[in-house]
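**Student:** Sharing query.tsv, TSV, C-alpha atoms:
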```tsv
chain	number	residue	atom	x	y	z
A	122	MET	CA	81.24	116.14	82.31
A	123	GLU	CA	78.53	113.62	81.48
A	124	LEU	CA	79.43	109.92	81.21
A	125	ILE	CA	76.95	107.98	79.06
A	126	ASN	CA	77.03	104.21	79.48
A	127	ALA	CA	75.57	102.43	76.46
A	128	THR	CA	76.73	98.99	77.60
A	129	ARG	CA	75.22	96.42	79.96
A	130	MET	CA	78.37	96.63	82.08
A	131	VAL	CA	79.54	99.21	84.63
A	132	THR	CA	81.63	102.26	83.78
A	133	GLY	CA	83.34	105.04	85.67
A	134	TYR	CA	86.02	107.67	85.36
A	135	THR	CA	88.68	109.35	87.42
A	136	LEU	CA	91.61	111.72	87.01
A	137	GLY	CA	95.09	110.28	86.70
A	138	MET	CA	98.53	111.71	86.18
A	139	GLU	CA	101.39	110.99	83.83
A	140	PRO	CA	104.94	110.96	85.25
A	141	SER	CA	105.38	114.30	83.45
A	142	GLY	CA	102.63	115.80	85.61
A	143	ARG	CA	100.02	116.00	82.87
A	144	GLU	CA	96.51	115.09	84.00
A	145	LEU	CA	94.57	112.25	82.40
A	146	LEU	CA	90.90	111.45	82.09
A	147	VAL	CA	90.77	107.70	82.81
A	148	ILE	CA	87.69	105.80	81.58
A	149	VAL	CA	87.14	102.30	83.01
A	150	ILE	CA	84.65	99.67	81.83
A	151	LYS	CA	84.09	96.48	83.83
A	152	GLY	CA	82.02	93.48	82.84
A	153	THR	CA	81.10	90.40	84.88
A	154	PHE	CA	80.58	87.12	83.00
A	155	ARG	CA	79.51	83.59	83.84
A	156	ILE	CA	82.03	80.77	83.43
A	157	PRO	CA	80.19	78.12	81.38
A	158	ALA	CA	79.89	74.62	82.81
A	159	GLU	CA	80.08	72.89	79.42
A	160	ALA	CA	83.27	72.89	77.40
A	161	GLY	CA	82.94	75.04	74.31
A	162	ALA	CA	79.91	76.96	75.58
A	163	ALA	CA	79.89	80.72	75.17
A	164	VAL	CA	80.88	83.02	78.01
A	165	ARG	CA	77.79	85.12	78.72
A	166	LEU	CA	77.25	88.36	80.57
A	167	HIS	CA	76.33	87.80	84.22
A	168	GLU	CA	72.97	89.09	85.39
A	169	ALA	CA	74.69	90.57	88.48
A	170	GLN	CA	77.38	93.04	87.45
A	171	LEU	CA	80.05	93.63	90.10
A	172	PRO	CA	80.72	97.29	90.93
A	173	LEU	CA	83.98	99.07	90.27
A	174	VAL	CA	86.41	98.69	93.17
A	175	THR	CA	87.40	102.10	94.53
A	176	ALA	CA	89.89	100.91	97.19
A	177	ASP	CA	92.05	97.80	97.53
A	178	LEU	CA	90.24	94.86	99.16
A	179	PHE	CA	91.90	92.06	101.14
A	180	HIS	CA	91.17	88.50	102.25
A	181	GLY	CA	91.47	89.64	105.89
A	182	ASP	CA	92.76	92.71	107.71
A	183	PRO	CA	94.04	95.35	105.24
A	184	GLY	CA	97.82	95.39	105.11
A	185	PHE	CA	98.09	92.18	107.16
A	186	SER	CA	96.54	89.75	104.68
A	187	ALA	CA	96.73	89.00	100.99
A	188	PRO	CA	95.13	91.43	98.53
A	189	LYS	CA	92.01	90.07	96.84
A	190	TYR	CA	91.03	92.90	94.50
A	191	GLU	CA	93.04	95.97	93.62
A	192	MET	CA	91.16	99.18	92.95
A	193	ASP	CA	89.97	99.48	89.36
A	194	PHE	CA	91.17	103.01	88.65
A	195	ALA	CA	94.84	102.57	87.75
A	196	PRO	CA	95.70	105.33	85.24
A	197	VAL	CA	97.35	102.96	82.78
A	198	LYS	CA	98.31	99.32	82.26
A	199	ARG	CA	100.61	98.35	79.39
A	200	ARG	CA	99.94	94.62	79.86
A	201	CYS	CA	96.94	92.58	80.94
A	202	ASP	CA	96.88	91.52	84.59
A	203	VAL	CA	95.54	87.97	84.96
A	204	ILE	CA	94.30	87.22	88.50
A	205	LEU	CA	92.65	84.11	89.92
A	206	ASN	CA	90.80	84.01	93.22
A	207	ALA	CA	90.41	80.27	93.46
A	208	SER	CA	90.64	77.06	95.48
A	209	ALA	CA	92.38	73.79	94.69
A	210	HIS	CA	90.04	70.80	94.37
A	211	ALA	CA	91.12	67.19	94.80
A	212	PRO	CA	90.59	65.15	91.63
A	213	GLY	CA	87.36	63.21	91.82
A	214	GLY	CA	86.58	64.71	95.23
A	215	ARG	CA	88.77	62.12	96.96
A	216	PRO	CA	91.05	63.47	99.73
A	217	VAL	CA	94.69	63.95	98.69
A	218	GLU	CA	97.83	65.14	100.45
A	219	ARG	CA	98.84	67.23	97.44
A	220	THR	CA	97.69	68.01	93.92
A	221	ARG	CA	98.71	70.19	91.03
A	222	VAL	CA	96.69	73.20	89.89
A	223	GLY	CA	97.13	75.23	86.75
A	224	VAL	CA	95.69	77.68	84.25
A	225	ARG	CA	96.29	78.03	80.53
A	226	ILE	CA	95.32	81.02	78.38
A	227	GLY	CA	96.36	80.52	74.79
A	228	ASP	CA	100.05	79.59	74.88
A	229	TRP	CA	100.60	80.92	78.42
A	230	VAL	CA	100.64	78.40	81.29
A	231	LYS	CA	101.16	78.63	85.05
A	232	GLY	CA	100.89	75.86	87.62
A	233	PHE	CA	102.15	74.74	91.01
A	234	ALA	CA	101.57	72.22	93.79
A	235	VAL	CA	98.96	72.61	96.52
A	236	VAL	CA	99.71	70.69	99.74
A	237	GLY	CA	97.61	69.83	102.78
A	238	VAL	CA	98.02	71.53	106.14
A	239	ARG	CA	101.45	71.01	107.75
A	240	VAL	CA	103.34	72.55	110.66
A	241	TRP	CA	106.98	72.83	111.63
A	242	GLU	CA	108.12	70.24	114.15
A	243	ALA	CA	111.30	70.82	116.19
A	244	GLY	CA	113.22	67.86	117.59
A	245	LEU	CA	116.65	66.36	118.16
A	246	ALA	CA	117.07	65.83	114.42
A	247	GLY	CA	116.35	69.49	113.73
A	248	VAL	CA	113.35	71.16	112.14
A	249	ARG	CA	111.10	69.25	109.79
A	250	ALA	CA	107.59	69.42	108.37
A	251	THR	CA	104.82	67.15	109.57
A	252	PRO	CA	103.04	64.98	106.97
A	253	PRO	CA	100.30	66.85	105.05
A	254	VAL	CA	96.70	66.48	106.19
A	255	PRO	CA	94.59	65.18	103.27
A	256	PHE	CA	92.12	67.69	101.83
A	257	THR	CA	89.38	67.92	99.22
A	258	ALA	CA	89.45	71.72	98.80
A	259	MET	CA	92.10	74.29	99.73
A	260	PRO	CA	91.93	78.10	99.29
A	261	ILE	CA	94.78	79.55	97.22
A	262	THR	CA	96.02	82.93	98.46
A	263	TYR	CA	99.33	84.54	99.32
A	264	ASP	CA	98.33	84.07	102.99
A	265	ARG	CA	98.97	80.35	102.39
A	266	ALA	CA	102.13	80.80	100.28
A	267	PHE	CA	105.71	80.85	101.59
A	268	GLY	CA	106.61	84.04	103.42
A	269	GLY	CA	105.63	85.88	106.56
A	270	VAL	CA	107.12	87.98	109.33
A	271	ASP	CA	109.41	86.78	112.15
A	272	ASN	CA	108.81	89.29	114.95
A	273	ARG	CA	109.08	87.22	118.15
A	274	HIS	CA	112.65	88.15	119.07
A	275	GLU	CA	112.98	90.36	122.15
A	276	ASP	CA	115.27	92.68	120.17
A	277	PRO	CA	113.21	94.51	117.50
A	278	GLY	CA	116.39	94.90	115.48
A	279	GLN	CA	116.35	91.13	114.97
A	280	HIS	CA	112.88	91.09	113.46
A	281	ALA	CA	112.70	90.06	109.81
A	282	ALA	CA	110.16	89.85	107.00
A	283	PHE	CA	110.07	87.90	103.77
A	284	MET	CA	109.38	90.94	101.60
A	285	ARG	CA	108.30	89.01	98.52
A	286	ASN	CA	105.31	87.91	100.61
A	287	PRO	CA	105.19	89.36	104.14
A	288	VAL	CA	101.65	88.01	104.73
A	289	GLY	CA	102.58	84.38	104.06
A	290	CYS	CA	103.63	81.55	106.37
A	291	GLY	CA	106.55	79.18	106.86
A	292	PHE	CA	109.36	81.77	107.00
A	293	HIS	CA	111.44	82.02	110.20
A	294	ARG	CA	114.76	83.78	110.62
A	295	HIS	CA	115.33	82.53	114.16
A	296	LEU	CA	115.09	78.78	114.69
A	297	ARG	CA	114.17	78.60	118.36
A	298	ASP	CA	112.13	75.51	119.12
A	299	ARG	CA	109.38	77.31	121.01
A	300	TRP	CA	108.85	79.72	118.11
A	301	LEU	CA	108.86	77.05	115.43
A	302	GLU	CA	106.90	74.26	117.07
A	303	GLY	CA	103.42	74.12	115.52
A	304	ALA	CA	103.97	77.08	113.19
A	305	PRO	CA	102.20	76.55	109.83
A	306	LEU	CA	103.93	75.77	106.55
A	307	PRO	CA	102.66	77.09	103.22
A	308	ASN	CA	100.00	75.20	101.30
A	309	THR	CA	101.55	76.03	97.92
A	310	GLU	CA	104.95	75.12	96.49
A	311	GLU	CA	106.87	75.77	93.31
A	312	PRO	CA	107.11	72.62	91.16
A	313	GLY	CA	110.28	70.71	92.02
A	314	ARG	CA	111.11	72.90	95.04
A	315	PRO	CA	109.41	71.58	98.19
A	316	VAL	CA	109.62	73.76	101.29
A	317	THR	CA	112.01	71.97	103.67
A	318	HIS	CA	113.57	74.75	105.78
A	319	PRO	CA	112.11	77.80	107.56
A	320	HIS	CA	114.93	80.08	106.40
A	321	GLY	CA	114.92	78.95	102.77
A	322	ASP	CA	114.57	81.22	99.76
A	323	TYR	CA	111.40	79.89	98.17
A	324	ARG	CA	109.20	81.49	95.57
A	325	PRO	CA	105.73	82.33	96.94
A	326	MET	CA	103.17	80.62	94.72
A	327	SER	CA	99.69	82.03	94.21
A	328	PHE	CA	97.49	83.49	91.49
A	329	GLY	CA	96.42	86.63	93.38
A	330	PRO	CA	97.49	90.28	93.32
A	331	VAL	CA	100.91	91.29	94.65
A	332	GLY	CA	100.89	93.80	97.51
A	333	ARG	CA	101.91	97.37	96.68
A	334	GLY	CA	104.61	97.37	99.36
A	335	TRP	CA	106.11	93.97	98.53
A	336	GLU	CA	109.31	93.16	96.70
A	337	PRO	CA	109.92	93.89	93.92
A	338	ARG	CA	106.81	95.96	93.17
A	339	HIS	CA	107.43	98.76	95.67
A	340	ARG	CA	110.70	99.67	93.93
A	341	LEU	CA	108.75	100.60	90.81
A	342	ALA	CA	106.97	103.36	92.75
A	343	GLY	CA	110.12	105.48	92.75
A	344	THR	CA	112.03	107.49	95.35
A	345	TYR	CA	110.22	109.76	97.81
A	346	ASP	CA	113.01	111.58	99.66
A	347	GLN	CA	113.70	115.16	100.75
A	348	ARG	CA	114.79	116.12	97.25
A	349	TRP	CA	111.47	114.87	95.92
A	350	LEU	CA	109.63	116.91	98.56
A	351	ASP	CA	111.62	120.05	97.77
A	352	GLU	CA	111.73	119.86	93.97
A	353	VAL	CA	109.06	117.51	92.59
A	354	PHE	CA	106.10	117.20	94.99
A	355	PRO	CA	103.14	116.87	94.31
A	356	PHE	CA	104.15	115.13	91.08
A	357	LEU	CA	105.47	111.60	90.69
A	358	PRO	CA	109.20	111.06	91.20
A	359	LYS	CA	111.44	110.96	88.14
A	360	ASP	CA	112.20	107.26	88.67
A	361	PHE	CA	108.52	106.24	88.86
A	362	ASP	CA	107.85	103.22	86.63
A	363	GLU	CA	104.36	102.70	85.17
A	364	ARG	CA	104.74	98.96	85.74
A	365	TYR	CA	103.88	99.78	89.37
A	366	TYR	CA	100.23	99.90	88.29
A	367	GLN	CA	100.32	96.21	87.30
A	368	CYS	CA	98.99	94.22	90.27
A	369	ALA	CA	99.54	90.67	88.96
A	370	PRO	CA	102.78	88.73	89.53
A	371	ALA	CA	105.24	89.37	86.70
A	372	ASP	CA	104.54	85.97	85.14
A	373	GLN	CA	100.80	86.76	85.05
A	374	GLN	CA	101.12	89.98	83.05
A	375	LEU	CA	100.23	89.06	79.48
A	376	PRO	CA	100.84	91.17	76.37
A	377	LEU	CA	97.99	93.15	74.81
A	378	PRO	CA	95.65	92.55	73.12
A	379	LEU	CA	94.07	89.70	75.07
A	380	GLY	CA	90.88	87.94	74.08
A	381	ASP	CA	89.53	85.20	71.82
A	382	GLN	CA	91.92	82.68	73.43
A	383	PRO	CA	91.03	79.28	74.90
A	384	VAL	CA	91.18	79.07	78.70
A	385	THR	CA	91.68	75.86	80.67
A	386	LEU	CA	91.50	75.53	84.47
A	387	LEU	CA	93.07	72.42	86.05
A	388	ASN	CA	91.85	71.24	89.48
A	389	LEU	CA	90.43	74.70	90.20
A	390	THR	CA	86.84	73.43	89.99
A	391	PRO	CA	85.22	70.32	91.53
A	392	ASP	CA	84.91	68.73	88.07
A	393	GLY	CA	88.69	68.83	87.67
A	394	ARG	CA	88.95	70.59	84.33
A	395	ARG	CA	87.05	73.55	82.91
A	396	SER	CA	87.54	74.98	79.42
A	397	PHE	CA	86.05	78.02	77.72
A	398	THR	CA	87.05	80.74	75.26
A	399	LEU	CA	87.82	84.22	76.48
A	400	PRO	CA	85.63	86.66	74.53
A	401	HIS	CA	87.35	89.34	72.47
A	402	PHE	CA	85.97	92.83	72.88
A	403	GLU	CA	87.52	96.28	72.78
A	404	ALA	CA	85.26	98.93	74.25
A	405	PRO	CA	84.56	101.94	71.99
A	406	VAL	CA	84.84	105.27	73.80
A	407	HIS	CA	83.77	108.57	72.20
A	408	VAL	CA	84.91	111.85	73.76
A	409	PHE	CA	82.97	115.02	72.92
A	410	PRO	CA	85.01	118.14	73.78
A	411	LYS	CA	83.15	121.42	74.19
A	412	ARG	CA	85.34	122.73	71.39
A	413	GLY	CA	86.76	120.71	68.56
A	414	PRO	CA	85.83	117.46	66.84
A	415	ARG	CA	84.73	114.21	68.44
A	416	GLU	CA	87.55	111.90	69.56
A	417	ASP	CA	87.08	108.16	68.96
A	418	LEU	CA	89.11	105.96	71.32
A	419	THR	CA	89.35	102.23	71.99
A	420	ALA	CA	89.77	100.76	75.47
A	421	PRO	CA	91.77	97.49	75.49
A	422	LEU	CA	91.23	94.68	77.97
A	423	ASP	CA	93.91	95.05	80.67
A	424	THR	CA	92.59	93.17	83.72
A	425	LEU	CA	91.10	89.68	83.90
A	426	VAL	CA	89.92	88.20	87.22
A	427	ILE	CA	88.82	84.55	87.15
A	428	GLU	CA	86.86	83.25	90.17
A	429	PRO	CA	85.98	79.58	89.61
A	430	ASP	CA	84.35	79.10	93.03
A	431	GLU	CA	81.82	81.80	92.09
A	432	GLU	CA	81.56	80.54	88.48
A	433	ARG	CA	82.38	84.03	87.21
A	434	LEU	CA	85.07	86.18	85.67
A	435	THR	CA	85.44	89.93	85.35
A	436	MET	CA	87.05	91.79	82.48
A	437	THR	CA	88.18	95.41	82.74
A	438	TRP	CA	88.93	97.77	79.88
A	439	ARG	CA	90.68	101.13	80.26
A	440	VAL	CA	91.66	104.15	78.19
A	441	ALA	CA	93.31	107.41	79.24
A	442	ARG	CA	92.81	110.72	77.41
A	443	PRO	CA	95.27	113.55	78.20
A	444	ILE	CA	93.61	116.69	79.53
A	445	ARG	CA	94.78	119.91	77.92
A	446	LYS	CA	93.58	122.40	80.53
A	447	SER	CA	90.85	121.00	82.79
A	448	LEU	CA	88.12	118.38	82.92
A	449	PHE	CA	85.61	121.11	82.05
A	450	GLU	CA	86.89	121.09	78.46
A	451	ILE	CA	84.94	117.84	77.91
A	452	ALA	CA	81.15	117.89	77.58
A	453	GLN	CA	80.35	114.19	77.26
A	454	VAL	CA	81.90	110.75	77.04
A	455	LEU	CA	80.00	107.89	75.42
A	456	VAL	CA	81.01	104.32	76.26
A	457	GLY	CA	79.62	101.69	73.91
A	458	ARG	CA	77.42	102.02	70.86
A	459	LYS	CA	74.30	104.10	70.22
A	460	GLY	CA	71.88	103.86	67.31
A	461	ARG	CA	71.65	106.23	64.37
A	462	GLU	CA	68.76	108.17	65.91
A	463	TRP	CA	70.83	109.05	69.00
A	464	TRP	CA	73.69	110.31	66.85
A	465	GLN	CA	71.31	112.37	64.71
A	466	GLN	CA	69.70	113.95	67.76
A	467	ARG	CA	73.08	114.75	69.24
A	468	GLU	CA	74.27	116.42	66.04
A	469	GLU	CA	71.10	118.50	65.98
A	470	VAL	CA	71.72	119.65	69.55
A	471	ALA	CA	75.41	120.30	68.97
A	472	PHE	CA	74.84	122.07	65.65
A	473	PRO	CA	71.29	123.50	65.71
A	474	LEU	CA	69.82	124.99	62.57
A	475	PRO	CA	69.63	128.79	62.62
A	476	VAL	CA	66.27	130.24	63.64
A	477	VAL	CA	65.05	133.38	61.84
A	478	ALA	CA	62.38	135.48	63.52
A	479	GLU	CA	60.05	137.20	61.05
A	480	PRO	CA	59.08	140.78	61.90
A	481	VAL	CA	55.57	141.27	63.23
A	482	GLU	CA	53.28	143.24	60.91
```
In structure tokens, what does this structure look like?
**Tutor:**
Amino acid sequence: MELINATRMVTGYTLGMEPSGRELLVIVIKGTFRIPAEAGAAVRLHEAQLPLVTADLFHGDPGFSAPKYEMDFAPVKRRCDVILNASAHAPGGRPVERTRVGVRIGDWVKGFAVVGVRVWEAGLAGVRATPPVPFTAMPITYDRAFGGVDNRHEDPGQHAAFMRNPVGCGFHRHLRDRWLEGAPLPNTEEPGRPVTHPHGDYRPMSFGPVGRGWEPRHRLAGTYDQRWLDEVFPFLPKDFDERYYQCAPADQQLPLPLGDQPVTLLNLTPDGRRSFTLPHFEAPVHVFPKRGPREDLTAPLDTLVIEPDEERLTMTWRVARPIRKSLFEIAQVLVGRKGREWWQQREEVAFPLPVVAEPVE
């Protein structure tokens, strides 16, 4: 199968699978854009287009740190994942102990508090947090949100993890002084719910992707037991939920279609506030089977990654076409728009005029 990219962005394809076991041809288009510095300026295509991500990438060691980018080849997304890889910036560049950050897209808003570095301090009065260290910039990741693993107990059966964010910090099941003293607290907090106890039930606050094995996402992947091995393998389990493919936190999954909405970033850039309009674009995809008519599809925007520190954002569009027998049934896929001459030439190749050979005298 030939994939023809008629855009200035990057495209790719892979094979996916429906829960029913039917194979899918998944076409992905990814564009990188510059975040404008002036309010109201147009979002323009970046001269350096980021490649498609073929495996999950992390802020540190894979599996032991927060995800940064999830691979771009999810078979389907029913909502648009909104992700921010960002830092908090103190207003006016003056050091602060805490500040509020936020993002607005259309009518949707999310925000939380970012706090300076603190550690747990154990004393006669119990466990408490030290005062925050003032900061001018603070990375925002799930590594710095409430959570973590408590694995210092000599009995492995007493180990515990905060499964909504096992890569975070601040969580402790066992309150022994030597384990708590100097241990870091999170740098993000839910509005109105400051972190005051190591064994509290706090909501991890970040804008990044949620790990595949975290609560509650891993439950959407379904049940992989002996019955599945005996009766269903290699297909997906019956209780697989397509929402598993959504990598954003639940409150960052926006309904489709997304685009042509105003975006505002608060304290996520050194200038304090940045506003621009998200461009609206649905990628045209034309499938040319070896037999049968052309199929005209539209790929909706289903992933938005905003990276203010790099002054860029990426938008990803996706469409899945069920495969009837095999991938070889498809001759070409065109992504984007071609001129009239290209279409005429293709029709001539696909439907050549008959050639009649005259007999030789």
**Student:** Can you pull out the residues contacting Val408 (chain A)? Cut-off 10 Å, using only C-alpha atoms, and skip same-chain residues under 4 positions away; I want them as a list in words.
**Tutor:**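 Residues meeting the cut-off are Leu124, Pro414, Arg415, Glu416, Asp417, Leu418, Arg442, Ile451, Ala452, Gln453, Val454, Leu455 and Val456 of chain A.
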**Student:** Write out as a compact mmCIF listing (two decimals) with C-alpha atoms, keeping the file's coordinate frame the residues lying within 7 Å of Ala369 (chain A), counting all atoms listed in the file and excluding same-chain residues fewer than 5 positions away.
**Tutor:**
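result.txt, freshly written:
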```txt
# COMPACT_ATOMS: atom_id res chain seq x y z
CA ASP A 202 96.88 91.52 84.59
CA VAL A 203 95.54 87.97 84.96
CA ILE A 204 94.30 87.22 88.50
CA GLY A 329 96.42 86.63 93.38
CA PRO A 330 97.49 90.28 93.32
CA VAL A 331 100.91 91.29 94.65
CA GLN A 374 101.12 89.98 83.05
```
**Student:** If we count only C-alpha atoms, what is near Leu166 (chain A) at a cut-off of 7 Å, once residues fewer than 6 positions away on the same chain are taken out, given as a list in words?
**Tutor:** Thr153, Phe154 and Arg155 of chain A
**Student:** Take the selection from the previous step and output its residues with C-alpha atoms, as an mmCIF file, keeping the file's coordinate frame.
**Tutor:**
```
data_model
loop_
_atom_site.group_PDB
_atom_site.id
_atom_site.type_symbol
_atom_site.label_atom_id
_atom_site.label_comp_id
_atom_site.auth_asym_id
_atom_site.auth_seq_id
_atom_site.Cartn_x
_atom_site.Cartn_y
_atom_site.Cartn_z
ATOM 1 C CA THR A 153 81.100 90.400 84.880
ATOM 2 C CA PHE A 154 80.580 87.120 83.000
ATOM 3 C CA ARG A 155 79.510 83.590 83.840
#
```
**Student:** Quick one, how far is CA of Asp182 (chain A) from CA of Met130 (chain A)?
**Tutor:**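 Computing the Euclidean distance for CA of Asp182 (chain A) and CA of Met130 (chain A) yields 29.7 Å.
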**Student:** Calculated over all atoms listed in the file, which of the candidates A:Arg299, A:Lys151, A:Arg285, A:Arg340 has the smallest distance to Phe194 (chain A)?
**Tutor:** A:Lys151
**Student:** Out of A:Gly137, A:Pro183, A:Pro429, A:Gly291, which residue has the shortest atom-to-atom distance to Arg394 (chain A) when counting all atoms listed in the file?
**Tutor:**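 With all atoms listed in the file as the atom set, the closest residue is A:Pro429.
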**Student:** When you draw a straight line from CA of Ala371 (chain A) to CA of Asp228 (chain A), how long is it in Å?
**Tutor:**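 Distance reported for this atom pair: 16.2 Å.
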**Student:** Region 309-326 of chain A: which residues within 7 Å, counting all atoms listed in the file, same-chain residues fewer than 5 positions away excluded, as a ChimeraX atom specification?
**Tutor:** /A:233-236,249-250,265-268,286,291-294
**Student:** Residues near Asn272 (chain A), anyone? I mean within 8 Å using all atoms listed in the file, not counting same-chain ones fewer than 6 positions away, as a compact mmCIF listing (two decimals) with C-alpha atoms, in the coordinates of the input.
**Tutor:**
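The result, stored in around12.txt:
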```txt
# COMPACT_ATOMS: atom_id res chain seq x y z
CA GLN A 279 116.35 91.13 114.97
CA HIS A 280 112.88 91.09 113.46
CA ALA A 281 112.70 90.06 109.81
```
**Student:** Take the point (111.8, 100.2, 89.9) in the file's coordinates, draw a sphere of radius 9 Å around it, and report as an mmCIF file with C-alpha atoms, in the frame of the given file every protein, DNA or RNA residue with an atom inside or on it, counting only C-alpha atoms.
**Tutor:**
```
data_model
loop_
_atom_site.group_PDB
_atom_site.id
_atom_site.type_symbol
_atom_site.label_atom_id
_atom_site.label_comp_id
_atom_site.auth_asym_id
_atom_site.auth_seq_id
_atom_site.Cartn_x
_atom_site.Cartn_y
_atom_site.Cartn_z
ATOM 1 C CA PRO A 337 109.920 93.890 93.920
ATOM 2 C CA ARG A 338 106.810 95.960 93.170
ATOM 3 C CA HIS A 339 107.430 98.760 95.670
ATOM 4 C CA ARG A 340 110.700 99.670 93.930
ATOM 5 C CA LEU A 341 108.750 100.600 90.810
ATOM 6 C CA ALA A 342 106.970 103.360 92.750
ATOM 7 C CA GLY A 343 110.120 105.480 92.750
ATOM 8 C CA ASP A 360 112.200 107.260 88.670
ATOM 9 C CA PHE A 361 108.520 106.240 88.860
ATOM 10 C CA ASP A 362 107.850 103.220 86.630
ATOM 11 C CA ARG A 364 104.740 98.960 85.740
ATOM 12 C CA TYR A 365 103.880 99.780 89.370
#
```
